[in-house]
>>> print(open('upload-v7.txt').read())   # compact mmCIF, C-alpha atoms
# COMPACT_ATOMS: atom_id res chain seq x y z
CA MET X 1 -5.36 34.66 9.70
CA PRO X 2 -3.94 33.93 6.26
CA ALA X 3 -1.39 31.24 5.57
CA GLY X 4 2.20 32.39 5.92
CA ASP X 5 1.41 34.71 8.84
CA GLY X 6 4.62 36.40 10.00
CA LYS X 7 4.04 35.85 13.72
CA VAL X 8 3.58 32.13 13.17
CA GLU X 9 6.75 31.97 11.08
CA VAL X 10 8.73 33.66 13.86
CA ARG X 11 7.25 31.35 16.49
CA LEU X 12 7.99 28.33 14.34
CA GLN X 13 11.63 29.31 13.92
CA THR X 14 11.96 30.05 17.64
CA LEU X 15 10.60 26.61 18.48
CA LYS X 16 13.02 24.95 16.08
CA ASP X 17 15.91 26.80 17.72
CA LEU X 18 14.74 25.78 21.20
CA ARG X 19 14.40 22.14 20.15
CA ARG X 20 18.02 22.11 19.04
CA ALA X 21 19.35 23.77 22.16
CA GLU X 22 17.39 24.33 25.36
CA ILE X 23 14.27 22.16 25.48
CA PRO X 24 15.90 18.70 25.74
CA ALA X 25 18.10 19.86 28.62
CA VAL X 26 15.49 21.76 30.65
CA THR X 27 12.81 19.07 30.34
CA ALA X 28 15.34 16.41 31.40
CA ALA X 29 16.25 18.57 34.41
CA ALA X 30 12.58 18.99 35.35
CA GLN X 31 11.98 15.26 35.05
CA ARG X 32 15.03 14.58 37.22
CA ILE X 33 14.02 16.86 40.10
CA TRP X 34 10.50 15.41 39.96
CA GLU X 35 11.78 11.82 40.10
CA GLN X 36 14.25 12.63 42.89
CA GLY X 37 11.68 14.68 44.80
CA LEU X 38 8.17 14.17 46.15
CA GLN X 39 6.70 13.40 42.70
CA PRO X 40 3.51 15.50 42.97
CA ALA X 41 0.88 14.54 40.38
CA THR X 42 -0.26 18.15 40.12
CA ILE X 43 1.18 21.53 41.04
CA ARG X 44 -0.99 23.67 43.29
CA ILE X 45 -1.38 27.37 42.52
CA ARG X 46 -3.30 29.66 44.83
CA ARG X 47 -6.44 30.86 43.14
CA SER X 48 -5.80 34.57 43.71
CA TYR X 49 -2.70 34.25 41.50
CA VAL X 50 -4.97 33.90 38.45
CA ARG X 51 -8.29 35.37 39.62
CA ASN X 52 -9.24 38.53 41.47
CA GLU X 53 -11.09 37.93 44.72
CA THR X 54 -13.74 40.46 43.67
CA MET X 55 -14.87 41.37 40.18
CA LYS X 56 -13.38 44.57 38.81
CA ARG X 57 -15.58 46.76 36.66
CA VAL X 58 -14.72 46.99 32.97
CA GLU X 59 -16.77 49.46 30.96
CA ASP X 60 -15.42 48.71 27.50
CA GLU X 61 -13.78 45.66 25.90
CA ARG X 62 -11.32 48.02 24.23
CA LYS X 63 -10.22 49.41 27.60
CA PRO X 64 -8.94 46.48 29.66
CA LEU X 65 -8.33 46.59 33.38
CA PRO X 66 -5.46 48.77 34.56
CA MET X 67 -2.39 46.65 35.18
CA ALA X 68 -2.58 47.14 38.94
CA ASP X 69 -6.13 45.71 38.99
CA ARG X 70 -5.22 42.47 37.23
CA PRO X 71 -4.25 39.25 39.01
CA LEU X 72 -0.53 38.48 39.08
CA SER X 73 -0.50 35.96 36.24
CA ALA X 74 -2.22 38.43 33.89
CA ARG X 75 0.34 41.12 34.71
CA MET X 76 3.09 38.92 33.28
CA ILE X 77 1.60 38.56 29.79
CA ALA X 78 4.11 40.09 27.40
CA PRO X 79 5.28 39.29 23.86
CA LYS X 80 8.84 39.00 25.16
CA GLY X 81 10.24 37.92 28.49
CA VAL X 82 9.98 34.76 30.55
CA ALA X 83 8.73 35.99 33.95
CA LEU X 84 5.50 33.94 33.98
CA LYS X 85 7.22 30.75 32.80
CA PHE X 86 10.07 31.31 35.25
CA HIS X 87 7.73 31.78 38.19
CA LEU X 88 5.57 28.77 37.38
CA THR X 89 8.76 26.71 37.18
CA GLN X 90 9.68 27.96 40.66
CA LEU X 91 6.32 26.71 41.98
CA PHE X 92 6.92 23.34 40.33
CA ALA X 93 10.41 22.99 41.82
CA ALA X 94 9.23 24.01 45.29
CA GLN X 95 6.48 21.39 45.30
CA CYS X 96 8.90 18.71 44.20
CA ALA X 97 10.99 19.62 47.25
CA VAL X 98 8.55 20.20 50.14
CA LYS X 99 5.11 19.04 51.26
CA PRO X 100 1.90 21.13 51.36
CA GLY X 101 1.95 23.74 54.10
CA LYS X 102 5.75 23.79 54.23
CA PRO X 103 8.15 26.54 53.09
CA TRP X 104 11.14 25.88 50.84
CA PRO X 105 14.09 27.33 52.74
CA HIS X 106 16.78 26.67 50.13
CA PRO X 107 15.70 27.44 46.55
CA TYR X 108 18.12 26.81 43.71
CA PRO X 109 20.76 29.38 42.75
CA VAL X 110 20.11 31.29 39.54
CA GLU X 111 23.15 29.67 37.91
CA PRO X 112 24.88 26.37 38.73
CA THR X 113 27.61 26.41 41.35
CA VAL X 114 30.24 24.02 42.65
CA GLN X 115 27.87 23.15 45.49
CA SER X 116 24.76 22.69 43.32
CA ASP X 117 24.42 21.64 39.70
CA ALA X 118 20.66 22.31 39.90
CA SER X 119 19.84 25.91 38.96
CA TRP X 120 17.05 28.09 37.63
CA ALA X 121 19.05 28.66 34.45
CA GLY X 122 18.98 24.91 33.92
CA LEU X 123 15.19 24.73 34.28
CA VAL X 124 14.04 27.62 32.07
CA ALA X 125 14.24 27.53 28.27
CA VAL X 126 15.18 30.89 26.79
CA HIS X 127 15.48 31.76 23.11
CA ALA X 128 18.90 33.42 23.30
CA THR X 129 20.61 33.43 19.92
CA TYR X 130 24.17 34.49 19.14
CA LYS X 131 24.34 37.92 17.49
CA GLY X 132 27.83 37.61 16.09
CA PRO X 133 31.15 39.27 16.98
CA GLY X 134 31.60 42.92 17.86
CA ILE X 135 30.77 45.29 20.68
CA GLN X 136 27.04 44.63 20.35
CA GLY X 137 27.54 40.91 20.03
CA ALA X 138 26.68 38.64 22.91
CA SER X 139 27.03 34.95 23.49
CA VAL X 140 24.01 32.74 23.98
CA ALA X 141 24.88 32.40 27.66
CA THR X 142 25.05 36.18 28.10
CA ASN X 143 21.72 36.67 26.33
CA LYS X 144 20.08 34.05 28.53
CA ARG X 145 21.54 35.63 31.64
CA ARG X 146 20.13 38.99 30.57
CA GLN X 147 16.63 37.60 30.02
CA LEU X 148 16.62 35.80 33.37
CA THR X 149 17.79 38.99 35.07
CA GLN X 150 14.90 40.92 33.51
CA ALA X 151 12.49 38.22 34.66
CA LEU X 152 13.85 38.42 38.20
CA LYS X 153 13.34 42.19 38.21
CA LYS X 154 9.74 41.68 37.11
CA LEU X 155 9.09 39.06 39.79
CA GLU X 156 10.72 41.23 42.45
CA GLY X 157 8.57 44.17 41.36
CA LEU X 158 5.46 42.01 41.76
CA ALA X 159 6.61 40.91 45.23
CA LEU X 160 6.80 37.26 44.16
CA ILE X 161 10.45 36.97 45.19
CA ARG X 162 12.75 38.87 47.55
CA ALA X 163 16.48 39.20 46.95
CA THR X 164 18.43 37.82 49.90
CA THR X 165 21.32 40.29 49.56
CA GLY X 166 19.29 43.45 49.01
CA PRO X 167 16.81 44.92 46.49
CA GLY X 168 17.79 44.47 42.85
CA ARG X 169 20.27 41.68 43.58
CA ALA X 170 18.10 38.63 43.01
CA ARG X 171 20.73 37.07 40.74
CA GLN X 172 22.87 36.57 43.84
CA GLY X 173 20.02 34.64 45.47
CA PHE X 174 16.38 35.09 46.40
CA GLU X 175 13.59 33.66 48.50
CA MET X 176 10.16 32.91 47.10
CA LEU X 177 7.18 34.88 48.37
CA CYS X 178 3.56 33.77 48.52
CA GLU X 179 1.76 34.00 45.17
CA ASN X 180 -1.52 35.21 46.70
CA GLY X 181 -0.77 38.84 45.86
CA LYS X 182 -0.66 39.97 49.50
CA SER X 183 3.11 40.50 49.78
CA THR X 184 4.68 43.94 49.42
CA ALA X 185 8.24 45.17 49.05
CA ALA X 186 8.18 46.15 52.72
CA ALA X 187 6.43 43.05 54.06
CA GLY X 188 6.85 39.83 52.14
CA ILE X 189 5.01 36.63 53.02
CA PRO X 190 7.36 33.64 52.64
CA TYR X 191 6.15 31.08 50.13
CA SER X 192 4.75 27.77 51.31
CA VAL X 193 3.09 25.04 49.26
CA PRO X 194 -0.72 25.54 49.39
CA SER X 195 -2.40 23.32 51.98
CA SER X 196 -5.61 21.41 51.39
CA SER X 197 -7.60 24.04 53.29
CA GLU X 198 -6.73 26.76 50.75
CA ALA X 199 -8.37 27.52 47.40
CA TYR X 200 -6.02 26.47 44.61
CA LEU X 201 -6.11 25.28 41.03
CA GLU X 202 -4.02 22.33 39.87
CA VAL X 203 -1.67 22.10 36.90
CA PRO X 204 -0.60 18.62 35.74
CA ARG X 205 3.05 17.98 36.50
CA GLU X 206 3.54 17.01 32.82
CA PHE X 207 3.00 20.68 31.99
CA PHE X 208 6.59 21.02 33.25
CA THR X 209 8.20 17.63 32.67
CA ASN X 210 6.97 17.42 29.07
CA GLY X 211 7.92 21.00 28.27
CA TRP X 212 4.55 22.72 27.79
CA VAL X 213 5.61 25.62 30.00
CA HIS X 214 8.40 26.40 27.52
CA VAL X 215 6.54 26.20 24.19
CA LEU X 216 3.21 27.88 24.93
CA THR X 217 3.00 31.66 24.67
CA MET X 218 2.35 33.82 27.73
CA SER X 219 -1.22 34.43 26.54
CA GLU X 220 -1.84 30.71 26.02
CA ILE X 221 -0.51 29.94 29.50
CA ALA X 222 -2.63 32.66 31.12
CA ALA X 223 -5.73 31.43 29.31
CA LEU X 224 -4.95 27.83 30.25
CA LEU X 225 -4.71 28.81 33.92
CA MET X 226 -8.10 30.53 33.60
CA TRP X 227 -9.69 27.40 32.11
CA LEU X 228 -8.15 25.11 34.74
CA ASP X 229 -9.49 27.39 37.46
CA ALA X 230 -12.97 27.52 35.94
CA LEU X 231 -13.06 23.74 35.42
CA LYS X 232 -12.36 23.21 39.11
CA PHE X 233 -14.52 25.94 40.63
CA ASP X 234 -17.30 26.42 38.07
CA PRO X 235 -17.92 23.06 36.37
CA THR X 236 -21.09 22.00 34.55
CA ARG X 237 -22.20 18.38 34.32
CA THR X 238 -23.21 16.85 31.01
CA SER X 239 -25.19 13.84 29.84
CA ASP X 240 -21.97 11.84 30.27
CA THR X 241 -21.22 12.00 33.99
CA SER X 242 -17.51 11.43 33.36
CA ILE X 243 -17.23 14.69 31.41
CA ILE X 244 -17.45 18.16 32.89
CA VAL X 245 -17.36 21.42 30.98
CA THR X 246 -17.06 25.06 31.91
CA ARG X 247 -17.48 28.49 30.36
CA VAL X 248 -16.20 31.98 31.07
CA THR X 249 -18.33 35.01 30.23
CA SER X 250 -16.77 38.23 28.98
CA ASP X 251 -17.50 40.01 32.27
CA THR X 252 -15.84 37.21 34.24
CA ARG X 253 -12.89 37.00 31.86
CA GLN X 254 -12.16 40.70 32.16
CA GLY X 255 -13.30 41.53 35.68
CA PHE X 256 -12.00 38.46 37.51
CA TYR X 257 -9.17 37.13 35.35
CA GLY X 258 -7.99 40.43 33.85
CA LEU X 259 -7.71 38.91 30.37
CA GLY X 260 -8.57 40.57 27.06
CA ARG X 261 -10.28 39.15 24.00
CA GLU X 262 -6.98 38.28 22.29
CA THR X 263 -5.92 36.06 25.18
CA TYR X 264 -9.36 34.44 25.30
CA GLU X 265 -9.12 33.57 21.61
CA THR X 266 -6.11 31.35 22.31
CA HIS X 267 -8.68 28.62 22.99
CA GLN X 268 -8.19 27.90 19.28
CA GLN X 269 -4.52 27.04 19.83
CA LEU X 270 -5.20 25.10 23.03
CA ASP X 271 -7.80 23.06 21.16
CA ALA X 272 -5.42 22.46 18.25
CA PHE X 273 -2.74 21.31 20.71
CA GLN X 274 -5.36 18.89 22.15
CA LEU X 275 -5.03 20.30 25.66
CA LEU X 276 -8.69 21.34 25.67
CA ASP X 277 -11.78 20.34 23.74
CA VAL X 278 -13.69 23.48 22.79
CA ILE X 279 -17.43 23.26 22.17
CA ARG X 280 -18.68 26.06 19.94
CA PRO X 281 -22.40 26.88 19.68
CA GLU X 282 -23.85 26.00 16.28
CA GLU X 283 -24.43 29.65 15.36
CA ARG X 284 -20.85 30.61 16.12
CA HIS X 285 -18.17 30.46 13.44
CA TYR X 286 -14.63 29.21 14.02
CA ASP X 287 -13.28 32.77 14.30
CA GLY X 288 -15.76 33.58 17.07
CA LYS X 289 -18.19 35.61 14.95
CA TRP X 290 -21.91 34.93 15.07
CA GLU X 291 -24.30 34.06 12.27
CA ASP X 292 -27.14 36.62 12.02
CA TYR X 293 -25.56 38.65 14.84
CA LYS X 294 -27.83 41.23 16.47
CA GLN X 295 -27.04 43.89 19.03
CA ASP X 296 -29.19 42.02 21.54
CA THR X 297 -26.88 39.15 22.47
CA SER X 298 -29.00 37.65 25.22
CA ASP X 299 -29.49 34.51 23.14
CA LEU X 300 -25.79 33.84 22.62
CA PHE X 301 -23.94 31.03 24.34
CA CYS X 302 -20.32 31.03 25.44
CA HIS X 303 -17.82 28.49 24.27
CA ARG X 304 -17.76 25.45 26.52
CA VAL X 305 -14.45 23.84 27.37
CA THR X 306 -13.53 20.40 28.69
CA PRO X 307 -10.06 18.95 29.36
CA THR X 308 -8.71 16.27 27.05
CA PRO X 309 -7.56 12.95 28.54
CA GLN X 310 -3.78 12.67 28.63
CA GLY X 311 -3.45 16.00 26.81
CA PHE X 312 -0.29 16.99 28.69
CA GLN X 313 1.27 13.53 28.54
CA ARG X 314 2.75 14.11 25.07
CA LYS X 315 6.01 15.89 24.28
CA ALA X 316 5.01 19.51 23.92
CA ASP X 317 7.55 20.55 21.30
CA ASP X 318 6.55 17.71 18.96
CA VAL X 319 2.86 18.59 19.21
CA VAL X 320 3.26 22.35 18.87
CA LEU X 321 5.73 22.03 15.99
CA GLU X 322 3.25 19.97 13.96
CA VAL X 323 0.38 22.38 14.67
CA LEU X 324 2.46 25.45 13.81
CA GLN X 325 3.59 23.92 10.53
CA ARG X 326 -0.01 23.17 9.60
CA ARG X 327 -1.08 26.67 10.69
CA ASP X 328 1.65 28.23 8.56
CA ILE X 329 0.41 26.36 5.47
CA LEU X 330 -3.38 26.39 5.95
CA GLY X 331 -3.86 29.60 7.89
CA THR X 332 -6.07 27.97 10.55
CA TRP X 333 -5.50 26.35 13.92
CA SER X 334 -6.39 22.71 13.46
CA ARG X 335 -5.65 19.26 14.80
CA SER X 336 -3.95 16.44 12.99
CA PRO X 337 -6.33 14.35 10.83
CA ASN X 338 -5.28 11.39 13.00
CA ALA X 339 -6.22 13.10 16.27
CA PRO X 340 -8.70 11.29 18.55
CA VAL X 341 -12.37 12.21 18.22
CA ARG X 342 -13.34 15.02 20.56
CA ARG X 343 -15.08 13.65 23.63
CA HIS X 344 -17.82 16.27 23.57
CA GLU X 345 -19.15 14.92 20.28
CA ARG X 346 -20.88 12.17 22.26
CA ILE X 347 -22.42 14.37 24.96
CA LYS X 348 -25.40 16.67 25.23
CA MET X 349 -25.40 19.86 27.20
CA ARG X 350 -27.96 19.95 29.96
CA PRO X 351 -30.45 22.75 29.28
CA THR X 352 -29.90 26.06 31.00
CA HIS X 353 -32.48 28.69 31.78
CA LYS X 354 -30.18 31.65 31.35
CA LYS X 355 -28.00 32.07 28.30
CA GLN X 356 -24.64 33.74 28.65
CA LYS X 357 -22.79 36.26 26.55
CA ALA X 358 -19.49 35.15 25.06
>>> encode(input="upload-v7.txt", output="structure tokens")
Amino acid sequence: MPAGDGKVEVRLQTLKDLRRAEIPAVTAAAQRIWEQGLQPATIRIRRSYVRNETMKRVEDERKPLPMADRPLSARMIAPKGVALKFHLTQLFAAQCAVKPGKPWPHPYPVEPTVQSDASWAGLVAVHATYKGPGIQGASVATNKRRQLTQALKKLEGLALIRATTGPGRARQGFEMLCENGKSTAAAGIPYSVPSSSEAYLEVPREFFTNGWVHVLTMSEIAALLMWLDALKFDPTRTSDTSIIVTRVTSDTRQGFYGLGRETYETHQQLDAFQLLDVIRPEERHYDGKWEDYKQDTSDLFCHRVTPTPQGFQRKADDVVLEVLQRRDILGTWSRSPNAPVRRHERIKMRPTHKKQKA
């Protein structure tokens, strides 16, 4: 994209607004409940939340899976709204409170009360600006309340929460339901922290305590969950035994993860943020296009991805702000000139007999 891209400018301004208002408070609240709780090193997420149990058939890249056929995380990708971030924060808070295999009987209220200063409103950063006086005007608090209410409706519709006082009243209180996609409006499965016998991916706790959940886009978060899942369940060893990589083919991306090409391409941002190291085949350009491309793509390799050491241990808003400013000027997603050397530059991929499509 060219320098001065409008979407980047909007995102940059939104981040600046959040840094002045919400992010310091919500990250401090997340750090506090982690320190006062069980202090899990990673947050467990059941695999079926991000990946279909069976591959769905996709005939055309331009016709993605119907919404009902996508895993739950992919159904919450939207340019506006905070449902995915809100729900991931719920999983984080629950696992700070109770051990694996246990339910969380008393989740936080949506807004702080006399009995509890901890609340969901205090843990979720929302870009809720003041519109000015008048009938259409709304305070920041009212705008935030409206966005959280919309997120609760979305989560209730996906059977990820159940209002305790009746359908549509989640703001008055709700219980969490299992994120495996098996709950329904008529029969909800109460949430419990995944036990060691279940299939789950793991998200570093710093994703929450350092604010990454608030500054990444929905597409970036969904793609990150896909990569974390693939790194755990489909890793490939390299010449350096301390480094593993993974790849996701187009069929797997669409049929299992329910993600389109645009979401997949966020690997550029995740690499620029130094959360992932992306290994591109020599014939593949930065924008994903191939040199001397032919219709027969049997000789094309996928991107390979490996996690970066301590990637999440930096303050997310500082990192993303710097990258967005550079993107706004240069028109490309790139790392700081002072960034550490990518680990994969010292490894060699072990030969494979079957090449994969991107």
>>> closest_atom_pairs(input="upload-v7.txt", of="segment 55-165 of chain X", to="segment 35-44 of chain X", cutoff="7 Å", atoms="only C-alpha atoms", output="JSON lines")
{"residue": "X:Phe92", "atom": "CA", "partner": "X:Ile43", "partner_atom": "CA", "distance": 6.1}
{"residue": "X:Gln95", "atom": "CA", "partner": "X:Ile43", "partner_atom": "CA", "distance": 6.8}
{"residue": "X:Cys96", "atom": "CA", "partner": "X:Gly37", "partner_atom": "CA", "distance": 4.9}
{"residue": "X:Ala97", "atom": "CA", "partner": "X:Gly37", "partner_atom": "CA", "distance": 5.6}
>>> write_last_selection(input="upload-v7.txt", atoms="C-alpha atoms", output="PDB file, keeping the file's coordinate frame")
ATOM      1  CA  PHE X  92       6.920  23.340  40.330  1.00  0.00           C
ATOM      2  CA  GLN X  95       6.480  21.390  45.300  1.00  0.00           C
ATOM      3  CA  CYS X  96       8.900  18.710  44.200  1.00  0.00           C
ATOM      4  CA  ALA X  97      10.990  19.620  47.250  1.00  0.00           C
TER       5      ALA X  97
END
>>> closest_residue(input="upload-v7.txt", among="X:Gly101, X:Asp234, X:Ala185, X:Arg75", to="Ser197 of chain X", atoms="all atoms listed in the file")
X:Gly101
>>> atom_distance(input="upload-v7.txt", atom1="atom CA of Lys153 of chain X", atom2="atom CA of Met76 of chain X")
11.8 Å
>>> atom_distance(input="upload-v7.txt", atom1="atom CA of Ala93 of chain X", atom2="atom CA of Pro107 of chain X")
8.4 Å
>>> closest_residue(input="upload-v7.txt", among="X:Gln313, X:Thr27, X:Gln115, X:Thr252", to="Glu53 of chain X", atoms="only C-alpha atoms")
X:Thr252
>>> atom_distance(input="upload-v7.txt", atom1="atom CA of Gln254 of chain X", atom2="atom CA of Phe233 of chain X")
17.2 Å
>>> axis_aligned_box(input="upload-v7.txt", around="segment 198-216 of chain X", padding_each_side="8 Å", output="AutoDock Vina command-line options")
--center_x 0.0 --center_y 22.4 --center_z 37.5 --size_x 32.8 --size_y 26.9 --size_z 42.6
>>> residues_around(input="upload-v7.txt", residues="Val213 of chain X", least_positions_apart="6", cutoff="10 Å", atoms="only C-alpha atoms", output="JSON, numbers by chain")
{"X": [27, 84, 85, 86, 88, 89, 124, 125, 206, 207, 220, 221, 316]}
>>> closest_residue(input="upload-v7.txt", among="X:Ile45, X:Ala68, X:Val341, X:Leu177", to="Pro204 of chain X", atoms="only C-alpha atoms")
X:Ile45
>>> closest_residue(input="upload-v7.txt", among="X:Asp328, X:Glu9, X:Asp317, X:Glu198", to="His214 of chain X", atoms="all atoms listed in the file")
X:Asp317
>>> closest_residue(input="upload-v7.txt", among="X:Lys154, X:Arg11, X:Arg247, X:Arg205", to="Ile77 of chain X", atoms="all atoms listed in the file")
X:Lys154
>>> residues_near_point(input="upload-v7.txt", point="(6.3, 21.5, 20.7)", cutoff="8 Å", atoms="only C-alpha atoms", output="number ranges by chain")
X: 15, 211-212, 215, 315-322
>>> closest_residue(input="upload-v7.txt", among="X:Val10, X:Leu225, X:Met218, X:Val248", to="His303 of chain X", atoms="all atoms listed in the file")
X:Val248
>>> residues_around(input="upload-v7.txt", residues="Ala94 of chain X", least_positions_apart="6", cutoff="9 Å", atoms="only C-alpha atoms", output="list in words")
Pro103, Trp104, Pro107, Ser192 and Val193 of chain X
>>> residues_around(input="upload-v7.txt", residues="segment 305-309 of chain X", least_positions_apart="4", cutoff="9 Å", atoms="all atoms listed in the file", output="list in words")
Trp227, Leu228, Leu231, Ile243, Ile244, Val245, Thr246, Arg247, His267, Gln274, Leu275, Leu276, Asp277, Val278, Ile279, Arg280, Gln313, Arg342, Arg343 and His344 of chain X
>>> build_atoms(input="upload-v7.txt", residues="segment 13-29 of chain X", atoms="N, CA and C atoms", output="mmCIF file, in the coordinates of the input")
data_model
loop_
_atom_site.group_PDB
_atom_site.id
_atom_site.type_symbol
_atom_site.label_atom_id
_atom_site.label_comp_id
_atom_site.auth_asym_id
_atom_site.auth_seq_id
_atom_site.Cartn_x
_atom_site.Cartn_y
_atom_site.Cartn_z
ATOM 1 N N GLN X 13 10.172 29.307 13.921
ATOM 2 C CA GLN X 13 11.630 29.310 13.920
ATOM 3 C C GLN X 13 12.181 29.296 15.345
ATOM 4 N N THR X 14 11.531 30.045 16.237
ATOM 5 C CA THR X 14 11.960 30.050 17.640
ATOM 6 C C THR X 14 11.863 28.658 18.236
ATOM 7 N N LEU X 15 10.767 27.963 17.953
ATOM 8 C CA LEU X 15 10.600 26.610 18.480
ATOM 9 C C LEU X 15 11.665 25.671 17.932
ATOM 10 N N LYS X 16 11.973 25.797 16.660
ATOM 11 C CA LYS X 16 13.020 24.950 16.080
ATOM 12 C C LYS X 16 14.364 25.201 16.753
ATOM 13 N N ASP X 17 14.657 26.474 17.033
ATOM 14 C CA ASP X 17 15.910 26.800 17.720
ATOM 15 C C ASP X 17 15.928 26.201 19.128
ATOM 16 N N LEU X 18 14.814 26.310 19.841
ATOM 17 C CA LEU X 18 14.740 25.780 21.200
ATOM 18 C C LEU X 18 14.867 24.259 21.221
ATOM 19 N N ARG X 19 14.312 23.603 20.218
ATOM 20 C CA ARG X 19 14.400 22.140 20.150
ATOM 21 C C ARG X 19 15.846 21.677 19.965
ATOM 22 N N ARG X 20 16.624 22.479 19.256
ATOM 23 C CA ARG X 20 18.020 22.110 19.040
ATOM 24 C C ARG X 20 18.885 22.388 20.262
ATOM 25 N N ALA X 21 18.467 23.325 21.087
ATOM 26 C CA ALA X 21 19.350 23.770 22.160
ATOM 27 C C ALA X 21 18.775 23.502 23.552
ATOM 28 N N GLU X 22 17.786 24.271 23.952
ATOM 29 C CA GLU X 22 17.390 24.330 25.360
ATOM 30 C C GLU X 22 16.403 23.260 25.807
ATOM 31 N N ILE X 23 15.388 22.980 25.004
ATOM 32 C CA ILE X 23 14.270 22.160 25.480
ATOM 33 C C ILE X 23 14.700 20.771 25.958
ATOM 34 N N PRO X 24 15.521 20.030 25.226
ATOM 35 C CA PRO X 24 15.900 18.700 25.740
ATOM 36 C C PRO X 24 16.549 18.765 27.120
ATOM 37 N N ALA X 25 17.384 19.768 27.348
ATOM 38 C CA ALA X 25 18.100 19.860 28.620
ATOM 39 C C ALA X 25 17.175 20.267 29.767
ATOM 40 N N VAL X 26 16.324 21.277 29.546
ATOM 41 C CA VAL X 26 15.490 21.760 30.650
ATOM 42 C C VAL X 26 14.389 20.767 31.007
ATOM 43 N N THR X 27 13.842 20.064 30.019
ATOM 44 C CA THR X 27 12.810 19.070 30.340
ATOM 45 C C THR X 27 13.436 17.869 31.060
ATOM 46 N N ALA X 28 14.651 17.495 30.683
ATOM 47 C CA ALA X 28 15.340 16.410 31.400
ATOM 48 C C ALA X 28 15.620 16.820 32.839
ATOM 49 N N ALA X 29 15.994 18.088 33.051
ATOM 50 C CA ALA X 29 16.250 18.570 34.410
ATOM 51 C C ALA X 29 14.974 18.577 35.240
#
